[in-house]
$ cat input_19.csv   # CSV, C-alpha atoms
chain,number,residue,atom,x,y,z
A,1,MET,CA,83.7,103.2,125.5
A,2,TYR,CA,85.1,103.9,122.1
A,3,THR,CA,82.7,104.5,119.2
A,4,ALA,CA,84.2,104.7,115.7
A,5,ASP,CA,83.6,107.6,113.4
A,6,GLU,CA,80.6,106.9,111.2
A,7,LYS,CA,82.5,108.5,108.2
A,8,ARG,CA,85.6,106.4,108.6
A,9,TYR,CA,85.3,104.9,105.1
A,10,ASP,CA,84.6,108.1,103.2
A,11,ALA,CA,88.2,109.1,102.3
A,12,MET,CA,90.4,106.1,102.4
A,13,GLN,CA,91.3,104.2,99.3
A,14,TYR,CA,91.3,100.3,99.4
A,15,ASN,CA,93.3,98.2,97.0
A,16,ARG,CA,92.9,94.6,96.2
A,17,CYS,CA,95.8,92.5,97.6
A,18,GLY,CA,97.3,90.7,94.6
A,19,ALA,CA,94.8,88.2,93.1
A,20,SER,CA,93.0,87.7,96.3
A,21,GLY,CA,89.6,88.9,97.3
A,22,LEU,CA,91.1,90.9,100.2
A,23,ARG,CA,91.4,94.7,100.0
A,24,LEU,CA,93.8,96.6,102.1
A,25,PRO,CA,93.7,100.3,102.9
A,26,ALA,CA,96.3,102.3,100.9
A,27,VAL,CA,97.8,103.3,104.3
A,28,SER,CA,98.3,100.7,107.0
A,29,LEU,CA,99.5,101.3,110.6
A,30,GLY,CA,102.7,99.6,111.7
A,31,LEU,CA,103.3,98.9,115.3
A,32,TRP,CA,107.1,98.4,115.0
A,33,HIS,CA,108.0,101.4,117.0
A,34,ASN,CA,106.3,103.3,119.8
A,35,PHE,CA,104.0,100.5,120.9
A,36,GLY,CA,106.4,98.8,123.3
A,37,SER,CA,106.7,98.7,127.1
A,38,ASN,CA,108.5,102.0,127.2
A,39,GLY,CA,105.7,104.0,125.6
A,40,SER,CA,102.5,105.7,126.7
A,41,PHE,CA,99.6,103.4,126.5
A,42,ASP,CA,97.1,106.3,126.2
A,43,ILE,CA,99.0,107.6,123.1
A,44,MET,CA,99.1,104.1,121.6
A,45,GLU,CA,95.4,103.8,122.0
A,46,ALA,CA,94.7,107.2,120.6
A,47,MET,CA,96.9,106.4,117.5
A,48,CYS,CA,95.0,103.2,116.8
A,49,ARG,CA,91.6,104.8,117.3
A,50,THR,CA,92.6,107.8,115.1
A,51,ALA,CA,93.8,105.4,112.4
A,52,PHE,CA,90.6,103.4,112.4
A,53,ASP,CA,88.5,106.6,112.4
A,54,GLN,CA,90.3,107.6,109.2
A,55,GLY,CA,89.6,104.2,107.5
A,56,ILE,CA,92.9,102.5,108.3
A,57,THR,CA,91.7,99.0,108.9
A,58,HIS,CA,95.0,97.2,108.8
A,59,PHE,CA,97.2,97.0,111.9
A,60,ASP,CA,100.6,95.3,111.3
A,61,LEU,CA,102.5,93.6,114.1
A,62,ALA,CA,105.2,91.0,114.7
A,63,ASN,CA,106.0,88.7,117.6
A,64,ASN,CA,109.2,90.6,118.4
A,65,TYR,CA,107.9,94.2,118.2
A,66,GLY,CA,108.6,96.0,121.5
A,67,PRO,CA,110.6,96.6,123.5
A,68,LYS,CA,110.4,94.1,125.1
A,69,ALA,CA,109.6,91.5,122.5
A,70,GLY,CA,105.9,90.8,122.5
A,71,ALA,CA,105.0,94.1,124.2
A,72,ALA,CA,103.4,95.6,121.0
A,73,GLU,CA,101.0,92.6,120.7
A,74,GLU,CA,100.2,92.8,124.4
A,75,ASN,CA,99.4,96.5,124.2
A,76,PHE,CA,97.4,96.0,121.0
A,77,GLY,CA,95.4,93.3,122.8
A,78,ARG,CA,94.6,95.8,125.5
A,79,ILE,CA,93.5,98.4,122.9
A,80,LEU,CA,91.2,95.8,121.3
A,81,LYS,CA,89.7,94.9,124.7
A,82,ASN,CA,89.1,98.6,125.4
A,83,GLY,CA,86.7,99.0,122.5
A,84,LEU,CA,88.5,98.6,119.2
A,85,GLY,CA,87.8,94.9,119.3
A,86,GLU,CA,84.1,95.6,118.9
A,87,TYR,CA,85.0,96.2,115.3
A,88,ARG,CA,87.0,93.0,114.8
A,89,ASP,CA,85.2,92.1,111.6
A,90,GLU,CA,86.3,95.4,110.1
A,91,LEU,CA,89.9,95.0,111.0
A,92,ILE,CA,92.8,93.3,109.3
A,93,ILE,CA,95.3,92.2,111.9
A,94,SER,CA,98.6,90.8,110.8
A,95,THR,CA,101.6,89.4,112.8
A,96,LYS,CA,104.9,87.7,111.9
A,97,ALA,CA,107.4,85.3,113.2
A,98,GLY,CA,111.0,84.7,112.1
A,99,TYR,CA,113.4,86.5,114.3
A,100,GLY,CA,114.5,85.5,117.8
A,101,MET,CA,111.9,85.3,120.5
A,102,TRP,CA,113.0,82.9,123.2
A,103,PRO,CA,116.1,80.9,124.1
A,104,GLY,CA,117.1,77.7,122.6
A,105,PRO,CA,117.0,76.2,119.1
A,106,TYR,CA,113.2,76.6,118.6
A,107,GLY,CA,113.0,80.3,119.3
A,108,ASP,CA,113.5,81.7,115.8
A,109,GLY,CA,113.8,80.8,112.1
A,110,GLY,CA,111.3,79.0,109.9
A,111,SER,CA,110.6,75.6,111.4
A,112,LYS,CA,107.1,74.3,111.9
A,113,LYS,CA,107.9,74.0,115.6
A,114,TYR,CA,108.7,77.7,115.9
A,115,LEU,CA,106.0,79.1,113.5
A,116,VAL,CA,103.2,77.3,115.2
A,117,ALA,CA,104.3,78.0,118.8
A,118,SER,CA,104.9,81.7,118.0
A,119,LEU,CA,101.5,82.2,116.5
A,120,ASP,CA,99.9,80.6,119.5
A,121,GLN,CA,101.8,83.0,121.8
A,122,SER,CA,100.8,86.0,119.6
A,123,LEU,CA,97.1,85.1,119.6
A,124,LYS,CA,97.2,84.8,123.4
A,125,ARG,CA,98.9,88.2,123.8
A,126,MET,CA,96.3,89.9,121.6
A,127,GLY,CA,93.4,87.9,122.9
A,128,LEU,CA,92.4,86.7,119.4
A,129,GLU,CA,91.2,83.4,117.9
A,130,TYR,CA,92.9,84.1,114.5
A,131,VAL,CA,94.9,86.7,112.6
A,132,ASP,CA,94.0,87.8,109.1
A,133,ILE,CA,97.5,87.6,107.7
A,134,TYR,CA,100.4,85.5,109.2
A,135,TYR,CA,103.9,86.3,107.8
A,136,HIS,CA,107.1,84.5,107.8
A,137,HIS,CA,109.3,87.4,108.8
A,138,ARG,CA,112.5,86.5,107.0
A,139,PRO,CA,114.0,83.7,104.9
A,140,ASP,CA,115.7,81.0,106.9
A,141,PRO,CA,118.5,79.3,105.0
A,142,GLU,CA,118.8,76.6,107.8
A,143,THR,CA,115.2,75.3,107.3
A,144,PRO,CA,113.9,73.6,104.1
A,145,LEU,CA,111.6,76.0,102.3
A,146,GLU,CA,109.1,73.2,101.9
A,147,GLU,CA,108.8,72.9,105.7
A,148,THR,CA,108.2,76.6,106.1
A,149,ALA,CA,105.6,76.6,103.4
A,150,GLN,CA,103.9,73.5,104.8
A,151,ALA,CA,103.8,75.0,108.3
A,152,LEU,CA,102.1,78.2,107.0
A,153,ASP,CA,99.7,76.2,104.9
A,154,GLY,CA,98.8,74.0,108.0
A,155,ILE,CA,98.2,77.1,110.1
A,156,VAL,CA,95.7,78.5,107.6
A,157,ARG,CA,93.9,75.1,107.5
A,158,SER,CA,93.8,75.1,111.3
A,159,GLY,CA,91.8,78.4,111.2
A,160,LYS,CA,94.4,80.4,113.1
A,161,ALA,CA,95.2,82.6,110.1
A,162,LEU,CA,93.1,83.5,107.0
A,163,TYR,CA,96.0,84.4,104.7
A,164,VAL,CA,99.7,83.8,104.4
A,165,GLY,CA,102.4,86.4,103.8
A,166,ILE,CA,106.2,86.6,103.6
A,167,SER,CA,108.5,89.4,104.5
A,168,ASN,CA,112.0,90.3,103.4
A,169,TYR,CA,112.0,87.7,100.6
A,170,ASP,CA,113.7,88.7,97.4
A,171,ARG,CA,112.4,87.8,93.9
A,172,GLU,CA,113.9,84.4,93.6
A,173,GLN,CA,112.9,83.4,97.2
A,174,THR,CA,109.4,84.7,96.6
A,175,LYS,CA,109.1,82.7,93.3
A,176,ALA,CA,110.3,79.5,95.0
A,177,ILE,CA,107.9,79.7,97.9
A,178,ALA,CA,105.0,80.9,95.7
A,179,GLU,CA,105.3,77.8,93.6
A,180,LEU,CA,105.1,75.6,96.7
A,181,PHE,CA,102.0,77.5,97.9
A,182,GLN,CA,100.4,77.2,94.5
A,183,GLU,CA,100.8,73.4,94.6
A,184,MET,CA,99.2,73.2,98.1
A,185,GLY,CA,96.4,75.7,97.4
A,186,THR,CA,97.6,78.0,100.2
A,187,PRO,CA,96.1,81.5,100.2
A,188,PHE,CA,99.5,83.3,99.8
A,189,ILE,CA,98.7,87.0,99.0
A,190,VAL,CA,101.4,89.4,100.0
A,191,ASN,CA,105.2,90.1,100.4
A,192,GLN,CA,106.3,92.8,102.8
A,193,ARG,CA,109.5,94.6,101.8
A,194,ARG,CA,111.4,97.8,102.5
A,195,TYR,CA,110.9,100.4,99.8
A,196,SER,CA,111.2,104.2,99.5
A,197,MET,CA,112.4,106.8,97.1
A,198,LEU,CA,115.8,106.4,98.5
A,199,ASP,CA,115.8,102.6,98.7
A,200,ARG,CA,115.0,100.9,95.3
A,201,THR,CA,116.3,97.4,96.2
A,202,MET,CA,112.9,95.9,95.6
A,203,GLU,CA,113.0,97.2,92.0
A,204,ARG,CA,116.6,96.2,91.4
A,205,ASP,CA,116.1,92.6,92.5
A,206,GLY,CA,112.9,92.3,90.3
A,207,LEU,CA,110.4,91.6,93.1
A,208,LYS,CA,108.2,94.6,92.3
A,209,SER,CA,107.6,93.6,88.7
A,210,TYR,CA,107.4,89.9,89.5
A,211,ALA,CA,104.8,90.3,92.1
A,212,ALA,CA,102.6,92.5,89.9
A,213,ALA,CA,102.8,89.9,87.1
A,214,HIS,CA,102.0,87.0,89.3
A,215,GLY,CA,99.1,88.3,91.5
A,216,ILE,CA,101.1,88.9,94.7
A,217,GLY,CA,100.3,91.9,96.7
A,218,ILE,CA,103.1,94.1,98.1
A,219,ILE,CA,103.1,96.1,101.3
A,220,THR,CA,106.1,98.3,102.1
A,221,PHE,CA,107.8,99.5,105.2
A,222,CYS,CA,110.2,102.3,106.0
A,223,PRO,CA,108.7,104.5,103.3
A,224,LEU,CA,110.1,107.6,105.1
A,225,GLU,CA,113.5,106.1,105.8
A,226,GLN,CA,113.2,106.4,109.5
A,227,GLY,CA,112.3,110.0,109.2
A,228,LEU,CA,114.8,111.1,106.6
A,229,LEU,CA,112.1,111.8,104.1
A,230,THR,CA,110.4,114.4,106.3
A,231,ASP,CA,111.1,118.0,107.0
A,232,ARG,CA,113.0,117.1,110.2
A,233,TYR,CA,116.3,116.7,108.5
A,234,LEU,CA,116.2,119.7,106.1
A,235,HIS,CA,118.7,121.6,108.2
A,236,GLY,CA,120.8,118.8,109.5
A,237,ILE,CA,120.3,116.2,112.2
A,238,PRO,CA,118.0,117.3,115.0
A,239,GLU,CA,119.2,116.7,118.6
A,240,ASP,CA,116.0,114.9,119.5
A,241,SER,CA,116.0,112.7,116.3
A,242,ARG,CA,116.1,108.9,116.2
A,243,VAL,CA,119.7,109.1,114.9
A,244,ARG,CA,120.7,110.7,118.2
A,245,ARG,CA,118.5,108.6,120.4
A,246,ASP,CA,119.0,105.2,118.8
A,247,GLY,CA,121.4,104.5,116.0
A,248,ARG,CA,120.3,100.9,115.4
A,249,PHE,CA,118.0,101.8,112.5
A,250,LEU,CA,119.4,105.0,111.2
A,251,ARG,CA,123.1,105.6,111.7
A,252,GLU,CA,124.5,109.1,111.9
A,253,ASP,CA,127.2,108.4,109.3
A,254,ALA,CA,124.4,107.5,106.9
A,255,VAL,CA,123.1,111.0,107.0
A,256,THR,CA,125.6,112.5,104.6
A,257,GLU,CA,125.5,116.1,103.2
A,258,GLU,CA,125.0,114.6,99.8
A,259,LYS,CA,121.9,112.8,101.1
A,260,LEU,CA,120.6,115.9,102.8
A,261,GLU,CA,121.0,117.8,99.5
A,262,LYS,CA,118.8,115.2,97.8
A,263,ILE,CA,116.2,115.5,100.6
A,264,ARG,CA,116.1,119.3,100.3
A,265,ALA,CA,115.6,119.0,96.5
A,266,LEU,CA,112.8,116.5,97.0
A,267,ASN,CA,111.2,118.9,99.6
A,268,GLU,CA,111.2,121.6,96.9
A,269,LEU,CA,109.3,119.4,94.5
A,270,ALA,CA,106.8,118.4,97.3
A,271,ALA,CA,106.1,122.0,98.0
A,272,GLU,CA,105.3,122.5,94.3
A,273,ARG,CA,102.9,119.6,94.5
A,274,GLY,CA,101.2,121.2,97.6
A,275,GLN,CA,102.4,118.4,99.8
A,276,SER,CA,104.8,117.9,102.7
A,277,LEU,CA,107.9,115.8,101.9
A,278,ALA,CA,106.5,112.9,103.9
A,279,GLN,CA,103.2,113.1,102.0
A,280,MET,CA,105.0,113.0,98.6
A,281,ALA,CA,107.2,110.2,99.7
A,282,LEU,CA,104.2,108.1,100.7
A,283,ALA,CA,102.2,108.9,97.5
A,284,TRP,CA,105.2,108.0,95.4
A,285,ILE,CA,105.1,104.4,96.8
A,286,LEU,CA,101.6,104.0,95.4
A,287,ARG,CA,102.2,105.8,92.2
A,288,ASP,CA,101.8,102.9,89.7
A,289,GLY,CA,99.4,100.5,91.5
A,290,ASP,CA,102.0,97.8,92.0
A,291,VAL,CA,102.1,98.4,95.8
A,292,THR,CA,98.9,97.5,97.7
A,293,SER,CA,99.5,99.4,100.9
A,294,VAL,CA,102.2,101.5,102.5
A,295,LEU,CA,103.0,101.0,106.2
A,296,ILE,CA,103.4,104.1,108.3
A,297,GLY,CA,104.7,104.4,111.8
A,298,ALA,CA,103.8,107.2,114.2
A,299,SER,CA,104.5,108.6,117.7
A,300,LYS,CA,101.3,110.6,118.0
A,301,PRO,CA,97.9,110.8,116.3
A,302,ALA,CA,98.7,114.1,114.5
A,303,GLN,CA,101.4,112.3,112.4
A,304,ILE,CA,98.8,109.8,111.2
A,305,LEU,CA,96.4,112.6,110.1
A,306,ASP,CA,99.3,114.4,108.3
A,307,ASN,CA,100.4,111.3,106.5
A,308,ILE,CA,97.0,110.3,105.1
A,309,GLY,CA,96.8,113.8,103.7
A,310,MET,CA,98.8,112.3,100.8
A,311,LEU,CA,95.6,110.6,99.6
A,312,LYS,CA,94.6,114.0,98.1
A,313,ASN,CA,97.3,113.8,95.5
A,314,LEU,CA,98.5,110.4,94.5
A,315,SER,CA,99.2,111.1,90.8
A,316,PHE,CA,102.6,112.1,89.4
A,317,THR,CA,103.3,113.6,86.0
A,318,GLU,CA,106.0,112.0,83.9
A,319,GLY,CA,108.1,115.1,84.5
A,320,GLU,CA,107.8,114.8,88.3
A,321,ARG,CA,108.7,111.1,88.2
A,322,GLU,CA,111.8,111.9,86.1
A,323,ARG,CA,112.8,114.7,88.4
A,324,ILE,CA,112.6,112.5,91.5
A,325,ASP,CA,114.7,109.8,89.8
A,326,GLU,CA,117.2,112.5,88.7
A,327,ILE,CA,117.5,113.8,92.2
A,328,VAL,CA,117.7,110.4,94.0
A,329,LEU,CA,119.7,108.3,91.5
A,330,ARG,CA,122.4,110.7,90.6
A,331,ASN,CA,125.8,109.6,91.9
A,332,VAL,CA,124.4,106.3,92.9

$ encode --input "input_19.csv" --output "structure tokens"
Amino acid sequence: MYTADEKRYDAMQYNRCGASGLRLPAVSLGLWHNFGSNGSFDIMEAMCRTAFDQGITHFDLANNYGPKAGAAEENFGRILKNGLGEYRDELIISTKAGYGMWPGPYGDGGSKKYLVASLDQSLKRMGLEYVDIYYHHRPDPETPLEETAQALDGIVRSGKALYVGISNYDREQTKAIAELFQEMGTPFIVNQRRYSMLDRTMERDGLKSYAAAHGIGIITFCPLEQGLLTDRYLHGIPEDSRVRRDGRFLREDAVTEEKLEKIRALNELAAERGQSLAQMALAWILRDGDVTSVLIGASKPAQILDNIGMLKNLSFTEGERERIDEIVLRNV
């Protein structure tokens, strides 16, 4: 039976999520990749246990994470049953609904029918009575925003989720649904968006500054740009990389020589800071306190240990910030 490390809270940093009373670890574990039906369960379990032993209390899922859709939740449910679930009150477990899950008109989107049914399925797969955060995974232009907001509010009132989140909403969409939640008294605490040194969309559309000013937490995904912001691409595209195996999330034509030159320059700065490129990229996300937590993915426990090494150096000088912007934003 699994017994958690007694020193698991010694090194991790915890940040308050927006204006709520909930604190999230600076680093959260995402189960988007490597937790599906095509992976090794023993490695999945070792990664979750390693993460918790290092103070990573937040495990982020979605109904469609796999392959096949739902497999990540099923595997995480097994991991909970095998011992991690003994620490349920120390865990923040989140899931999402918004993308296609089953055939017919009720299998995706933002309707009350879909959101309620999907959460019931997720809870069954994980063997849980509630999740801590339930996200609407994407804006749905075909469903009135009021319906989506009311559905999420009702789910919290039913006791099946403690807090509400949204994902992939821009500034204006966030503002609109936040106002509805405020009227209803819904515990809306967080938006999950893609963000990295190479992808500043969240800054350009104003969400980052809006969330900080209005007490909304932010958790970010793809901080390493599917592996680009690591040392794996310093000398070109590795044959065993995700680009070669699966071009859905990182296309080969996106890995240009210009982008590789930027990555090499960033790697030089990371070395000067005493960090790996991945560690610097993760630390940069948390540099100003506007982001609550950064989601990491992993394929083995050692990657988790390496990534959280960034906690040893989260500060950036003004010169380092300017140098990063100069490297990344030139010719953009």

$ closest_residue --input "input_19.csv" --among "A:Pro105, A:Arg23, A:Thr57, A:Ser111" --to "A:Asp89" --atoms "only C-alpha atoms"
A:Thr57

$ residues_around --input "input_19.csv" --residues "A:Gly110" --least-positions-apart "6" --cutoff "12 Å" --atoms "only C-alpha atoms" --output "PyMOL selection string"
chain A and resi 96-100+116-118+135-152+166

$ closest_atom_pairs --input "input_19.csv" --of "stretch 127-228 of chain A" --to "stretch 10-16 of chain A" --cutoff "12 Å" --atoms "all atoms listed in the file" --output "Markdown table"
| residue | atom | partner | partner_atom | distance |
| --- | --- | --- | --- | --- |
| A:Ile189 | CA | A:Arg16 | CA | 10.0 |
| A:Val190 | CA | A:Arg16 | CA | 10.7 |
| A:Ala212 | CA | A:Arg16 | CA | 11.8 |
| A:Gly215 | CA | A:Arg16 | CA | 10.0 |
| A:Ile216 | CA | A:Arg16 | CA | 10.1 |
| A:Gly217 | CA | A:Arg16 | CA | 7.9 |
| A:Ile218 | CA | A:Arg16 | CA | 10.4 |
| A:Ile219 | CA | A:Asn15 | CA | 10.9 |

$ write_last_selection --input "input_19.csv" --atoms "C-alpha atoms" --output "mmCIF file, in the frame of the given file"
data_model
loop_
_atom_site.group_PDB
_atom_site.id
_atom_site.type_symbol
_atom_site.label_atom_id
_atom_site.label_comp_id
_atom_site.auth_asym_id
_atom_site.auth_seq_id
_atom_site.Cartn_x
_atom_site.Cartn_y
_atom_site.Cartn_z
ATOM 1 C CA ILE A 189 98.700 87.000 99.000
ATOM 2 C CA VAL A 190 101.400 89.400 100.000
ATOM 3 C CA ALA A 212 102.600 92.500 89.900
ATOM 4 C CA GLY A 215 99.100 88.300 91.500
ATOM 5 C CA ILE A 216 101.100 88.900 94.700
ATOM 6 C CA GLY A 217 100.300 91.900 96.700
ATOM 7 C CA ILE A 218 103.100 94.100 98.100
ATOM 8 C CA ILE A 219 103.100 96.100 101.300
#

$ residues_around --input "input_19.csv" --residues "A:Lys312" --least-positions-apart "6" --cutoff "12 Å" --atoms "only C-alpha atoms" --output "VMD selection string"
chain A and resid 11 to 13 273 to 276 279 to 280 282 to 283 306

$ closest_residue --input "input_19.csv" --among "A:Arg171, A:Arg49, A:Lys259, A:Arg323" --to "A:Gly206" --atoms "all atoms listed in the file"
A:Arg171

$ atom_distance --input "input_19.csv" --atom1 "atom CA of A:Gly319" --atom2 "atom CA of A:Glu261"
20.0 Å

$ residues_around --input "input_19.csv" --residues "stretch 297-304 of chain A" --least-positions-apart "3" --cutoff "8 Å" --atoms "only C-alpha atoms" --output "JSON list (two decimals) with C-alpha atoms, in the coordinates of the input"
[["chain", "number", "residue", "atom", "x", "y", "z"],
["A", 29, "LEU", "CA", 99.50, 101.30, 110.60],
["A", 30, "GLY", "CA", 102.70, 99.60, 111.70],
["A", 31, "LEU", "CA", 103.30, 98.90, 115.30],
["A", 32, "TRP", "CA", 107.10, 98.40, 115.00],
["A", 33, "HIS", "CA", 108.00, 101.40, 117.00],
["A", 34, "ASN", "CA", 106.30, 103.30, 119.80],
["A", 43, "ILE", "CA", 99.00, 107.60, 123.10],
["A", 44, "MET", "CA", 99.10, 104.10, 121.60],
["A", 46, "ALA", "CA", 94.70, 107.20, 120.60],
["A", 47, "MET", "CA", 96.90, 106.40, 117.50],
["A", 50, "THR", "CA", 92.60, 107.80, 115.10],
["A", 51, "ALA", "CA", 93.80, 105.40, 112.40],
["A", 307, "ASN", "CA", 100.40, 111.30, 106.50],
["A", 308, "ILE", "CA", 97.00, 110.30, 105.10]]
